$ cat my_file23.pdb   # PDB, C-alpha atoms
ATOM      1  CA  MET A   1     -12.083 -20.216   5.002
ATOM      2  CA  ALA A   2     -11.521 -20.569   1.274
ATOM      3  CA  GLY A   3      -7.767 -20.708   1.013
ATOM      4  CA  HIS A   4      -4.879 -19.424   3.074
ATOM      5  CA  TYR A   5      -2.864 -16.202   2.656
ATOM      6  CA  GLY A   6      -5.226 -15.405  -0.221
ATOM      7  CA  GLU A   7      -4.153 -17.956  -2.816
ATOM      8  CA  ALA A   8      -7.817 -18.869  -3.392
ATOM      9  CA  LEU A   9      -8.514 -15.236  -4.317
ATOM     10  CA  PHE A  10      -5.186 -14.149  -5.847
ATOM     11  CA  GLU A  11      -3.879 -17.173  -7.709
ATOM     12  CA  PRO A  12      -0.357 -16.588  -9.041
ATOM     13  CA  ASP A  13      -1.348 -17.858 -12.508
ATOM     14  CA  GLU A  14      -4.472 -15.675 -12.756
ATOM     15  CA  ALA A  15      -4.478 -13.060 -15.482
ATOM     16  CA  GLY A  16      -3.461  -9.718 -14.013
ATOM     17  CA  GLU A  17      -2.022 -11.079 -10.769
ATOM     18  CA  ALA A  18       1.600 -10.552 -11.785
ATOM     19  CA  ALA A  19       0.821  -6.941 -12.695
ATOM     20  CA  ARG A  20      -1.053  -6.435  -9.417
ATOM     21  CA  ILE A  21       1.974  -7.674  -7.479
ATOM     22  CA  ASP A  22       4.248  -5.384  -9.490
ATOM     23  CA  TYR A  23       2.054  -2.353  -8.722
ATOM     24  CA  GLY A  24       2.269  -3.221  -5.023
ATOM     25  CA  ALA A  25       6.048  -3.526  -5.176
ATOM     26  CA  ILE A  26       6.409  -0.191  -7.006
ATOM     27  CA  THR A  27       4.265   1.433  -4.315
ATOM     28  CA  TYR A  28       5.631  -0.070  -1.115
ATOM     29  CA  ASP A  29       9.168  -1.343  -1.759
ATOM     30  CA  PRO A  30      10.844   2.084  -1.469
ATOM     31  CA  ILE A  31       9.242   2.547   1.956
ATOM     32  CA  THR A  32      10.372  -0.877   3.160
ATOM     33  CA  ARG A  33      13.884  -0.523   1.751
ATOM     34  CA  GLY A  34      14.295   2.860   3.403
ATOM     35  CA  ARG A  35      13.255   1.556   6.807
ATOM     36  CA  LEU A  36      15.488  -1.533   6.636
ATOM     37  CA  ALA A  37      18.442   0.548   5.444
ATOM     38  CA  SER A  38      17.963   2.937   8.366
ATOM     39  CA  LEU A  39      18.411  -0.013  10.747
ATOM     40  CA  GLY A  40      21.805  -0.773   9.238
ATOM     41  CA  VAL A  41      21.146  -4.022   7.386
ATOM     42  CA  GLY A  42      24.232  -5.053   5.445
ATOM     43  CA  PRO A  43      27.205  -7.419   5.294
ATOM     44  CA  GLY A  44      27.333  -9.925   8.131
ATOM     45  CA  TRP A  45      23.546  -9.924   8.632
ATOM     46  CA  ARG A  46      21.446 -13.070   8.416
ATOM     47  CA  CYS A  47      17.900 -12.152   7.376
ATOM     48  CA  LEU A  48      14.562 -13.980   7.385
ATOM     49  CA  ASP A  49      11.941 -12.573   4.990
ATOM     50  CA  LEU A  50       8.521 -14.101   5.692
ATOM     51  CA  GLY A  51       5.762 -14.063   3.097
ATOM     52  CA  ALA A  52       8.419 -13.096   0.572
ATOM     53  CA  GLY A  53       6.042 -13.176  -2.421
ATOM     54  CA  THR A  54       7.907 -12.319  -5.598
ATOM     55  CA  GLY A  55      11.118 -11.714  -3.663
ATOM     56  CA  THR A  56      11.677  -8.032  -4.354
ATOM     57  CA  ILE A  57      12.693  -7.279  -0.764
ATOM     58  CA  ALA A  58      14.645 -10.523  -0.332
ATOM     59  CA  ARG A  59      16.588  -9.775  -3.499
ATOM     60  CA  TRP A  60      17.281  -6.212  -2.350
ATOM     61  CA  LEU A  61      18.566  -7.516   0.982
ATOM     62  CA  ALA A  62      20.930  -9.956  -0.727
ATOM     63  CA  GLU A  63      22.085  -7.909  -3.706
ATOM     64  CA  ASP A  64      21.885  -4.234  -2.785
ATOM     65  CA  ALA A  65      22.092  -4.227   1.003
ATOM     66  CA  GLY A  66      24.727  -6.987   0.884
ATOM     67  CA  ALA A  67      23.317  -9.197   3.650
ATOM     68  CA  THR A  68      25.374 -12.336   4.101
ATOM     69  CA  GLU A  69      22.370 -14.674   4.019
ATOM     70  CA  VAL A  70      18.677 -14.187   3.225
ATOM     71  CA  ILE A  71      16.077 -16.891   3.815
ATOM     72  CA  ALA A  72      12.943 -16.080   1.772
ATOM     73  CA  VAL A  73       9.880 -17.990   2.995
ATOM     74  CA  ASP A  74       6.545 -18.354   1.244
ATOM     75  CA  ARG A  75       3.942 -21.062   0.750
ATOM     76  CA  ASP A  76       4.414 -20.690  -3.008
ATOM     77  CA  VAL A  77       8.020 -20.114  -4.093
ATOM     78  CA  ARG A  78       7.542 -20.141  -7.867
ATOM     79  CA  PHE A  79       8.617 -16.500  -8.043
ATOM     80  CA  LEU A  80      11.536 -17.063  -5.673
ATOM     81  CA  THR A  81      13.334 -20.081  -7.093
ATOM     82  CA  GLU A  82      14.861 -18.123  -9.973
ATOM     83  CA  LEU A  83      16.341 -15.687  -7.432
ATOM     84  CA  ALA A  84      18.217 -18.405  -5.529
ATOM     85  CA  SER A  85      21.919 -17.699  -5.063
ATOM     86  CA  ASP A  86      24.721 -18.266  -2.611
ATOM     87  CA  ARG A  87      23.178 -15.466  -0.517
ATOM     88  CA  LEU A  88      19.441 -15.986  -1.090
ATOM     89  CA  ARG A  89      17.726 -19.278  -0.250
ATOM     90  CA  PRO A  90      13.980 -19.762  -0.889
ATOM     91  CA  ILE A  91      12.053 -22.067   1.431
ATOM     92  CA  ALA A  92       8.496 -23.260   0.809
ATOM     93  CA  ALA A  93       6.723 -23.269   4.165
ATOM     94  CA  ASP A  94       3.599 -22.223   6.045
ATOM     95  CA  ILE A  95       4.671 -19.576   8.534
ATOM     96  CA  THR A  96       2.111 -20.804  11.065
ATOM     97  CA  THR A  97       4.026 -24.108  11.329
ATOM     98  CA  ALA A  98       7.526 -23.224  10.074
ATOM     99  CA  ASP A  99      10.294 -23.452  12.631
ATOM    100  CA  PHE A 100      13.789 -22.033  12.826
ATOM    101  CA  ARG A 101      16.486 -22.208  15.458
ATOM    102  CA  PRO A 102      16.202 -19.636  18.256
ATOM    103  CA  ALA A 103      18.512 -16.627  18.061
ATOM    104  CA  GLU A 104      19.434 -17.296  14.426
ATOM    105  CA  PHE A 105      18.727 -14.023  12.580
ATOM    106  CA  ASP A 106      19.783 -10.386  12.718
ATOM    107  CA  LEU A 107      16.583  -9.378  10.913
ATOM    108  CA  VAL A 108      13.151 -10.977  10.813
ATOM    109  CA  HIS A 109      10.822  -9.186   8.403
ATOM    110  CA  ALA A 110       7.214  -9.688   7.286
ATOM    111  CA  ARG A 111       5.056  -7.431   5.116
ATOM    112  CA  PHE A 112       1.318  -7.809   4.391
ATOM    113  CA  LEU A 113       1.357 -11.241   6.030
ATOM    114  CA  LEU A 114       0.193 -11.178   9.648
ATOM    115  CA  MET A 115      -3.018  -9.295   8.849
ATOM    116  CA  HIS A 116      -4.207 -12.462   7.110
ATOM    117  CA  LEU A 117      -3.499 -14.742  10.090
ATOM    118  CA  ALA A 118      -5.769 -15.337  13.060
ATOM    119  CA  GLU A 119      -2.644 -16.547  14.919
ATOM    120  CA  TYR A 120      -0.722 -13.300  14.409
ATOM    121  CA  ARG A 121       0.140 -12.858  18.095
ATOM    122  CA  ASP A 122       1.572 -16.375  18.316
ATOM    123  CA  VAL A 123       3.557 -15.844  15.119
ATOM    124  CA  LEU A 124       4.979 -12.588  16.503
ATOM    125  CA  VAL A 125       6.206 -14.458  19.579
ATOM    126  CA  ARG A 126       7.985 -17.007  17.391
ATOM    127  CA  MET A 127       9.473 -14.289  15.193
ATOM    128  CA  GLU A 128      10.978 -12.644  18.263
ATOM    129  CA  ASP A 129      12.415 -15.982  19.371
ATOM    130  CA  TRP A 130      14.254 -16.347  16.035
ATOM    131  CA  LEU A 131      16.113 -13.060  16.593
ATOM    132  CA  ARG A 132      19.673 -12.913  17.828
ATOM    133  CA  PRO A 133      20.352 -10.499  20.694
ATOM    134  CA  GLY A 134      20.608  -7.106  19.035
ATOM    135  CA  GLY A 135      18.549  -8.250  16.043
ATOM    136  CA  TRP A 136      15.591  -6.352  14.586
ATOM    137  CA  LEU A 137      11.988  -7.428  14.089
ATOM    138  CA  VAL A 138      10.253  -5.386  11.355
ATOM    139  CA  VAL A 139       6.592  -5.907  10.458
ATOM    140  CA  SER A 140       4.341  -4.052   8.025
ATOM    141  CA  ASP A 141       0.645  -4.379   7.267
ATOM    142  CA  ALA A 142      -2.248  -2.374   5.897
ATOM    143  CA  VAL A 143      -4.031   0.186   8.029
ATOM    144  CA  ASP A 144      -7.507   1.260   6.947
ATOM    145  CA  LEU A 145      -7.730   4.993   6.341
ATOM    146  CA  THR A 146     -10.444   4.643   3.716
ATOM    147  CA  THR A 147     -13.612   3.883   5.675
ATOM    148  CA  VAL A 148     -13.261   5.303   9.193
ATOM    149  CA  ASP A 149     -14.849   8.741   9.544
ATOM    150  CA  ALA A 150     -14.835   9.233   5.757
ATOM    151  CA  PRO A 151     -17.806  10.677   3.816
ATOM    152  CA  GLU A 152     -20.125   8.123   2.252
ATOM    153  CA  THR A 153     -18.854   7.943  -1.326
ATOM    154  CA  PRO A 154     -18.700   5.067  -3.837
ATOM    155  CA  TYR A 155     -14.969   4.748  -3.078
ATOM    156  CA  ARG A 156     -15.593   4.336   0.651
ATOM    157  CA  THR A 157     -18.440   1.883   0.006
ATOM    158  CA  VAL A 158     -16.294  -0.259  -2.276
ATOM    159  CA  MET A 159     -13.286  -0.278   0.055
ATOM    160  CA  ARG A 160     -15.535  -1.307   2.944
ATOM    161  CA  ALA A 161     -16.918  -4.163   0.818
ATOM    162  CA  MET A 162     -13.382  -5.193  -0.102
ATOM    163  CA  TRP A 163     -12.258  -5.458   3.523
ATOM    164  CA  GLN A 164     -15.390  -7.444   4.340
ATOM    165  CA  ALA A 165     -14.876  -9.769   1.367
ATOM    166  CA  LEU A 166     -11.280 -10.424   2.417
ATOM    167  CA  ARG A 167     -12.349 -11.111   5.961
ATOM    168  CA  ASN A 168     -15.107 -13.484   4.865
ATOM    169  CA  ALA A 169     -12.876 -15.380   2.450
ATOM    170  CA  ILE A 170      -9.494 -15.622   4.177
ATOM    171  CA  GLY A 171      -9.868 -13.997   7.589
ATOM    172  CA  THR A 172      -8.052 -10.750   6.835
ATOM    173  CA  ASP A 173      -8.319  -8.277   9.724
ATOM    174  CA  VAL A 174      -6.624  -4.882   9.738
ATOM    175  CA  THR A 175      -8.480  -3.455  12.744
ATOM    176  CA  TRP A 176      -5.655  -4.440  15.112
ATOM    177  CA  THR A 177      -2.632  -3.291  13.096
ATOM    178  CA  PRO A 178      -2.308   0.146  14.799
ATOM    179  CA  ARG A 179      -1.433  -1.794  17.980
ATOM    180  CA  TYR A 180       1.803  -3.096  16.465
ATOM    181  CA  PRO A 181       4.203  -0.961  18.542
ATOM    182  CA  TYR A 182       2.462  -2.032  21.758
ATOM    183  CA  TYR A 183       2.709  -5.704  20.779
ATOM    184  CA  LEU A 184       6.433  -5.364  20.049
ATOM    185  CA  ALA A 185       7.003  -3.656  23.394
ATOM    186  CA  GLU A 186       5.109  -6.456  25.135
ATOM    187  CA  LEU A 187       7.558  -8.924  23.562
ATOM    188  CA  GLY A 188      10.371  -7.159  25.398
ATOM    189  CA  LEU A 189      11.834  -5.434  22.353
ATOM    190  CA  VAL A 190      13.533  -2.081  22.812
ATOM    191  CA  ASP A 191      13.992   0.949  20.557
ATOM    192  CA  VAL A 192      10.454   0.321  19.312
ATOM    193  CA  GLY A 193       9.237   2.647  16.605
ATOM    194  CA  ALA A 194       6.361   2.845  14.161
ATOM    195  CA  GLU A 195       5.244   4.880  11.176
ATOM    196  CA  ILE A 196       2.338   5.024   8.753
ATOM    197  CA  GLN A 197       3.015   5.821   5.125
ATOM    198  CA  VAL A 198       0.141   6.666   2.787
ATOM    199  CA  PRO A 199       1.054   6.387  -0.903
ATOM    200  CA  PRO A 200      -0.242   9.131  -3.206
ATOM    201  CA  ARG A 201      -3.427   8.089  -4.971
ATOM    202  CA  MET A 202      -3.242   9.664  -8.417
ATOM    203  CA  PRO A 203      -4.950   8.711 -11.696
ATOM    204  CA  GLY A 204      -2.698   6.289 -13.542
ATOM    205  CA  GLY A 205      -0.423   5.887 -10.548
ATOM    206  CA  PRO A 206       0.695   2.484  -9.252
ATOM    207  CA  VAL A 207      -1.443   2.463  -6.116
ATOM    208  CA  ALA A 208      -4.593   3.326  -8.090
ATOM    209  CA  ALA A 209      -3.742   0.531 -10.523
ATOM    210  CA  PHE A 210      -3.154  -1.828  -7.603
ATOM    211  CA  TRP A 211      -6.600  -1.212  -6.127
ATOM    212  CA  LEU A 212      -8.359  -1.369  -9.514
ATOM    213  CA  GLN A 213      -6.777  -4.758 -10.179
ATOM    214  CA  THR A 214      -7.567  -5.949  -6.646
ATOM    215  CA  TRP A 215     -11.226  -4.976  -7.021
ATOM    216  CA  ALA A 216     -11.401  -6.709 -10.394
ATOM    217  CA  GLN A 217     -10.130  -9.967  -8.953
ATOM    218  CA  LEU A 218     -12.370  -9.704  -5.866
ATOM    219  CA  LYS A 219     -15.485  -8.579  -7.726
ATOM    220  CA  ASP A 220     -17.639 -11.649  -7.068
ATOM    221  CA  GLU A 221     -16.702 -11.789  -3.374
ATOM    222  CA  MET A 222     -17.346  -8.054  -2.969
ATOM    223  CA  LEU A 223     -20.755  -8.247  -4.640
ATOM    224  CA  ALA A 224     -21.589 -11.159  -2.316
ATOM    225  CA  THR A 225     -21.299  -8.758   0.654
ATOM    226  CA  GLY A 226     -24.257  -6.767  -0.743
ATOM    227  CA  LEU A 227     -22.253  -4.230  -2.725
ATOM    228  CA  ASP A 228     -24.213  -2.849  -5.669
ATOM    229  CA  ALA A 229     -22.461  -3.272  -9.012
ATOM    230  CA  SER A 230     -23.269   0.328  -9.922
ATOM    231  CA  GLN A 231     -21.340   1.570  -6.876
ATOM    232  CA  LEU A 232     -18.365  -0.511  -7.923
ATOM    233  CA  GLN A 233     -18.474   0.960 -11.414
ATOM    234  CA  LEU A 234     -18.681   4.516 -10.050
ATOM    235  CA  ALA A 235     -15.707   3.903  -7.762
ATOM    236  CA  GLN A 236     -13.679   2.373 -10.595
ATOM    237  CA  ASP A 237     -14.437   5.273 -12.908
ATOM    238  CA  GLY A 238     -13.639   7.773 -10.174
ATOM    239  CA  LEU A 239     -10.336   6.116  -9.307
ATOM    240  CA  ARG A 240      -9.272   6.126 -12.958
ATOM    241  CA  SER A 241     -10.209   9.771 -13.501
ATOM    242  CA  GLY A 242      -9.304  11.152 -10.093
ATOM    243  CA  SER A 243     -12.827  12.431  -9.487
ATOM    244  CA  GLU A 244     -13.215  10.109  -6.467
ATOM    245  CA  VAL A 245     -11.223  11.683  -3.660
ATOM    246  CA  GLY A 246     -10.041   9.931  -0.526
ATOM    247  CA  LEU A 247      -7.000   8.364   1.058
ATOM    248  CA  SER A 248      -5.484   5.096  -0.026
ATOM    249  CA  PRO A 249      -5.093   2.515   2.733
ATOM    250  CA  GLY A 250      -1.803   3.190   4.461
ATOM    251  CA  MET A 251       0.991   0.846   5.441
ATOM    252  CA  ILE A 252       1.972   0.727   9.089
ATOM    253  CA  THR A 253       5.504  -0.432   9.822
ATOM    254  CA  ALA A 254       6.717  -1.199  13.326
ATOM    255  CA  TRP A 255      10.176  -2.252  14.425
ATOM    256  CA  GLY A 256      11.974  -3.209  17.594
ATOM    257  CA  ARG A 257      15.369  -4.567  18.685
ATOM    258  CA  LYS A 258      15.999  -7.609  20.847
ATOM    259  CA  PRO A 259      18.045  -6.577  23.880
ATOM    260  CA  GLY A 260      21.578  -7.892  24.051
TER     261      GLY A 260
END

$ encode --input "my_file23.pdb" --output "structure tokens"
Amino acid sequence: MAGHYGEALFEPDEAGEAARIDYGAITYDPITRGRLASLGVGPGWRCLDLGAGTGTIARWLAEDAGATEVIAVDRDVRFLTELASDRLRPIAADITTADFRPAEFDLVHARFLLMHLAEYRDVLVRMEDWLRPGGWLVVSDAVDLTTVDAPETPYRTVMRAMWQALRNAIGTDVTWTPRYPYYLAELGLVDVGAEIQVPPRMPGGPVAAFWLQTWAQLKDEMLATGLDASQLQLAQDGLRSGSEVGLSPGMITAWGRKPG
């Protein structure tokens, strides 16, 4: 595959990538913060944030939630180093090989990470091992609500090409993500819960901007799947104007507590 975690497709230095990341944070951070807050994260907690990206959630954990220690892990930590503090420590590592001491963290969190990894089940096992008794595992990924049982529109056609392009290039697979709560239960976690949040897709809104920027950066790979450029243009125009209706991909979040 060309690259890992998408750096071959979404290079941090590429024009528009910083804005794309910001649109994603504006869209999904409130959902993630609300879920983590509901689990009681705060002073005394040691937290591991995997695939931390630009560090918006790691920083919230350290500064707003008041966690005692936050380890923010990513293969590329250029956006994280400036956030380093006595509470937040960035670590450059590949999550498929990274290792931490068993029973070390009160929270292990990953968002939009495991869907890119063929080894996601193995990584989930290791994430559970890093939890202290009573600690929480929280995982979020995309769930495709854009192509299944939807009318054949340019928007659906383009989203289908996007998922295929991501799978061809870096192995992304979101077909399994609705099974998250079952996987967490199989790990022996208790108090397992799950939710799907679908951000509003409005003209000029952050999620529409996120997908427009994503399509722009994936254009060549999407056209290589057989997508017609005219369909892409129609979908782009429709997303900007609001004339193309349809759901945005949702975000599924699942959580579970290690007994103890």

$ closest_atom_pairs --input "my_file23.pdb" --of "range 56-124 of chain A" --to "range 17-24 of chain A" --cutoff "12 Å" --atoms "only C-alpha atoms" --output "Markdown table"
| residue | atom | partner | partner_atom | distance |
| --- | --- | --- | --- | --- |
| A:Thr56 | CA | A:Asp22 | CA | 9.4 |
| A:Ile57 | CA | A:Gly24 | CA | 12.0 |
| A:Arg78 | CA | A:Ala18 | CA | 11.9 |
| A:Phe79 | CA | A:Ala18 | CA | 9.9 |
| A:Arg111 | CA | A:Gly24 | CA | 11.3 |
| A:Phe112 | CA | A:Gly24 | CA | 10.5 |

$ closest_residue --input "my_file23.pdb" --among "A:Val123, A:Ala65, A:Met159, A:Met251" --to "Val198 in chain A" --atoms "all atoms listed in the file"
A:Met251

$ resolve_selection --input "my_file23.pdb" --expression "the PyMOL selection byres ((chain A and resi 72) around 12)" --output "PyMOL selection string"
chain A and resi 46-62+69-71+73-81+83-85+87-95+107-110

$ residues_around --input "my_file23.pdb" --residues "range 37-42 of chain A" --least-positions-apart "2" --cutoff "10 Å" --atoms "only C-alpha atoms" --output "count of residues only"
25

$ resolve_selection --input "my_file23.pdb" --expression "the PyMOL selection byres ((chain A and resi 182) around 12)" --output "ChimeraX atom specification"
/A:121,176-181,183-194,254-256

$ write_last_selection --input "my_file23.pdb" --atoms "C-alpha atoms" --output "short mmCIF file (atom, residue, chain, number, x, y, z; two decimals), in the coordinates of the input"
data_model
loop_
_atom_site.label_atom_id
_atom_site.label_comp_id
_atom_site.auth_asym_id
_atom_site.auth_seq_id
_atom_site.Cartn_x
_atom_site.Cartn_y
_atom_site.Cartn_z
CA ARG A 121 0.14 -12.86 18.10
CA TRP A 176 -5.66 -4.44 15.11
CA THR A 177 -2.63 -3.29 13.10
CA PRO A 178 -2.31 0.15 14.80
CA ARG A 179 -1.43 -1.79 17.98
CA TYR A 180 1.80 -3.10 16.46
CA PRO A 181 4.20 -0.96 18.54
CA TYR A 183 2.71 -5.70 20.78
CA LEU A 184 6.43 -5.36 20.05
CA ALA A 185 7.00 -3.66 23.39
CA GLU A 186 5.11 -6.46 25.14
CA LEU A 187 7.56 -8.92 23.56
CA GLY A 188 10.37 -7.16 25.40
CA LEU A 189 11.83 -5.43 22.35
CA VAL A 190 13.53 -2.08 22.81
CA ASP A 191 13.99 0.95 20.56
CA VAL A 192 10.45 0.32 19.31
CA GLY A 193 9.24 2.65 16.60
CA ALA A 194 6.36 2.84 14.16
CA ALA A 254 6.72 -1.20 13.33
CA TRP A 255 10.18 -2.25 14.42
CA GLY A 256 11.97 -3.21 17.59
#

$ atom_distance --input "my_file23.pdb" --atom1 "CA of Glu128 in chain A" --atom2 "CA of Pro43 in chain A"
21.4 Å

$ axis_aligned_box --input "my_file23.pdb" --around "range 119-136 of chain A" --padding-each-side "8 Å" --output "JSON"
{"center_x": 9.0, "center_y": -11.7, "center_z": 17.6, "size_x": 39.3, "size_y": 26.7, "size_z": 22.3}

$ atom_distance --input "my_file23.pdb" --atom1 "CA of Arg167 in chain A" --atom2 "CA of Gly250 in chain A"
17.8 Å

$ closest_residue --input "my_file23.pdb" --among "A:Gln164, A:Gln197, A:Thr175, A:Thr147" --to "Asp29 in chain A" --atoms "all atoms listed in the file"
A:Gln197

$ resolve_selection --input "my_file23.pdb" --expression "the PyMOL selection byres ((chain A and resi 226) around 12)" --output "count of residues only"
20

$ closest_residue --input "my_file23.pdb" --among "A:Ala235, A:Val245, A:Val174, A:Ile26" --to "Arg201 in chain A" --atoms "only C-alpha atoms"
A:Val245

$ atom_distance --input "my_file23.pdb" --atom1 "CA of Ala118 in chain A" --atom2 "CA of Ile252 in chain A"
18.3 Å

$ closest_residue --input "my_file23.pdb" --among "A:Leu117, A:Leu131, A:Glu195, A:Ile170" --to "Val143 in chain A" --atoms "all atoms listed in the file"
A:Glu195

$ residues_around --input "my_file23.pdb" --residues "Ala208 in chain A" --least-positions-apart "5" --cutoff "12 Å" --atoms "all atoms listed in the file" --output "list in words"
Arg20, Tyr23, Gly24, Ile26, Thr27, Tyr155, Pro199, Pro200, Arg201, Met202, Pro203, Gln213, Thr214, Trp215, Ala235, Gln236, Asp237, Gly238, Leu239, Arg240, Ser241, Gly242, Glu244, Val245, Gly246, Leu247, Ser248 and Pro249 of chain A

$ write_last_selection --input "my_file23.pdb" --atoms "C-alpha atoms" --output "PDB file, keeping the file's coordinate frame"
ATOM      1  CA  ARG A  20      -1.053  -6.435  -9.417  1.00  0.00           C
ATOM      2  CA  TYR A  23       2.054  -2.353  -8.722  1.00  0.00           C
ATOM      3  CA  GLY A  24       2.269  -3.221  -5.023  1.00  0.00           C
ATOM      4  CA  ILE A  26       6.409  -0.191  -7.006  1.00  0.00           C
ATOM      5  CA  THR A  27       4.265   1.433  -4.315  1.00  0.00           C
ATOM      6  CA  TYR A 155     -14.969   4.748  -3.078  1.00  0.00           C
ATOM      7  CA  PRO A 199       1.054   6.387  -0.903  1.00  0.00           C
ATOM      8  CA  PRO A 200      -0.242   9.131  -3.206  1.00  0.00           C
ATOM      9  CA  ARG A 201      -3.427   8.089  -4.971  1.00  0.00           C
ATOM     10  CA  MET A 202      -3.242   9.664  -8.417  1.00  0.00           C
ATOM     11  CA  PRO A 203      -4.950   8.711 -11.696  1.00  0.00           C
ATOM     12  CA  GLN A 213      -6.777  -4.758 -10.179  1.00  0.00           C
ATOM     13  CA  THR A 214      -7.567  -5.949  -6.646  1.00  0.00           C
ATOM     14  CA  TRP A 215     -11.226  -4.976  -7.021  1.00  0.00           C
ATOM     15  CA  ALA A 235     -15.707   3.903  -7.762  1.00  0.00           C
ATOM     16  CA  GLN A 236     -13.679   2.373 -10.595  1.00  0.00           C
ATOM     17  CA  ASP A 237     -14.437   5.273 -12.908  1.00  0.00           C
ATOM     18  CA  GLY A 238     -13.639   7.773 -10.174  1.00  0.00           C
ATOM     19  CA  LEU A 239     -10.336   6.116  -9.307  1.00  0.00           C
ATOM     20  CA  ARG A 240      -9.272   6.126 -12.958  1.00  0.00           C
ATOM     21  CA  SER A 241     -10.209   9.771 -13.501  1.00  0.00           C
ATOM     22  CA  GLY A 242      -9.304  11.152 -10.093  1.00  0.00           C
ATOM     23  CA  GLU A 244     -13.215  10.109  -6.467  1.00  0.00           C
ATOM     24  CA  VAL A 245     -11.223  11.683  -3.660  1.00  0.00           C
ATOM     25  CA  GLY A 246     -10.041   9.931  -0.526  1.00  0.00           C
ATOM     26  CA  LEU A 247      -7.000   8.364   1.058  1.00  0.00           C
ATOM     27  CA  SER A 248      -5.484   5.096  -0.026  1.00  0.00           C
ATOM     28  CA  PRO A 249      -5.093   2.515   2.733  1.00  0.00           C
TER      29      PRO A 249
END

$ closest_residue --input "my_file23.pdb" --among "A:Leu218, A:Ala142, A:Ala209, A:Ala169" --to "Leu113 in chain A" --atoms "all atoms listed in the file"
A:Ala142

$ closest_residue --input "my_file23.pdb" --among "A:Thr172, A:Leu114, A:Ala103, A:Arg156" --to "Pro133 in chain A" --atoms "only C-alpha atoms"
A:Ala103

$ build_atoms --input "my_file23.pdb" --residues "range 17-30 of chain A" --atoms "N, CA and C atoms" --output "mmCIF file, keeping the file's coordinate frame"
data_model
loop_
_atom_site.group_PDB
_atom_site.id
_atom_site.type_symbol
_atom_site.label_atom_id
_atom_site.label_comp_id
_atom_site.auth_asym_id
_atom_site.auth_seq_id
_atom_site.Cartn_x
_atom_site.Cartn_y
_atom_site.Cartn_z
ATOM 1 N N GLU A 17 -2.583 -10.994 -12.117
ATOM 2 C CA GLU A 17 -2.022 -11.079 -10.769
ATOM 3 C C GLU A 17 -0.575 -10.631 -10.737
ATOM 4 N N ALA A 18 0.209 -10.986 -11.754
ATOM 5 C CA ALA A 18 1.600 -10.552 -11.785
ATOM 6 C C ALA A 18 1.690 -9.028 -11.819
ATOM 7 N N ALA A 19 0.821 -8.403 -12.626
ATOM 8 C CA ALA A 19 0.821 -6.941 -12.695
ATOM 9 C C ALA A 19 0.394 -6.334 -11.367
ATOM 10 N N ARG A 20 -0.601 -6.937 -10.714
ATOM 11 C CA ARG A 20 -1.053 -6.435 -9.417
ATOM 12 C C ARG A 20 0.087 -6.460 -8.406
ATOM 13 N N ILE A 21 0.835 -7.561 -8.386
ATOM 14 C CA ILE A 21 1.974 -7.674 -7.479
ATOM 15 C C ILE A 21 3.020 -6.608 -7.802
ATOM 16 N N ASP A 22 3.267 -6.392 -9.089
ATOM 17 C CA ASP A 22 4.248 -5.384 -9.490
ATOM 18 C C ASP A 22 3.828 -3.991 -9.039
ATOM 19 N N TYR A 23 2.526 -3.663 -9.177
ATOM 20 C CA TYR A 23 2.054 -2.353 -8.722
ATOM 21 C C TYR A 23 2.269 -2.199 -7.211
ATOM 22 N N GLY A 24 2.042 -3.277 -6.461
ATOM 23 C CA GLY A 24 2.269 -3.221 -5.023
ATOM 24 C C GLY A 24 3.731 -3.000 -4.689
ATOM 25 N N ALA A 25 4.617 -3.679 -5.421
ATOM 26 C CA ALA A 25 6.048 -3.526 -5.176
ATOM 27 C C ALA A 25 6.510 -2.104 -5.499
ATOM 28 N N ILE A 26 6.045 -1.559 -6.632
ATOM 29 C CA ILE A 26 6.409 -0.191 -7.006
ATOM 30 C C ILE A 26 5.975 0.789 -5.914
ATOM 31 N N THR A 27 4.809 0.527 -5.326
ATOM 32 C CA THR A 27 4.265 1.433 -4.315
ATOM 33 C C THR A 27 4.988 1.331 -2.991
ATOM 34 N N TYR A 28 5.205 0.110 -2.501
ATOM 35 C CA TYR A 28 5.631 -0.070 -1.115
ATOM 36 C C TYR A 28 7.096 -0.433 -0.923
ATOM 37 N N ASP A 29 7.768 -0.943 -1.947
ATOM 38 C CA ASP A 29 9.168 -1.343 -1.759
ATOM 39 C C ASP A 29 10.075 -0.191 -1.332
ATOM 40 N N PRO A 30 9.953 1.008 -1.918
ATOM 41 C CA PRO A 30 10.844 2.084 -1.469
ATOM 42 C C PRO A 30 10.694 2.396 0.019
#
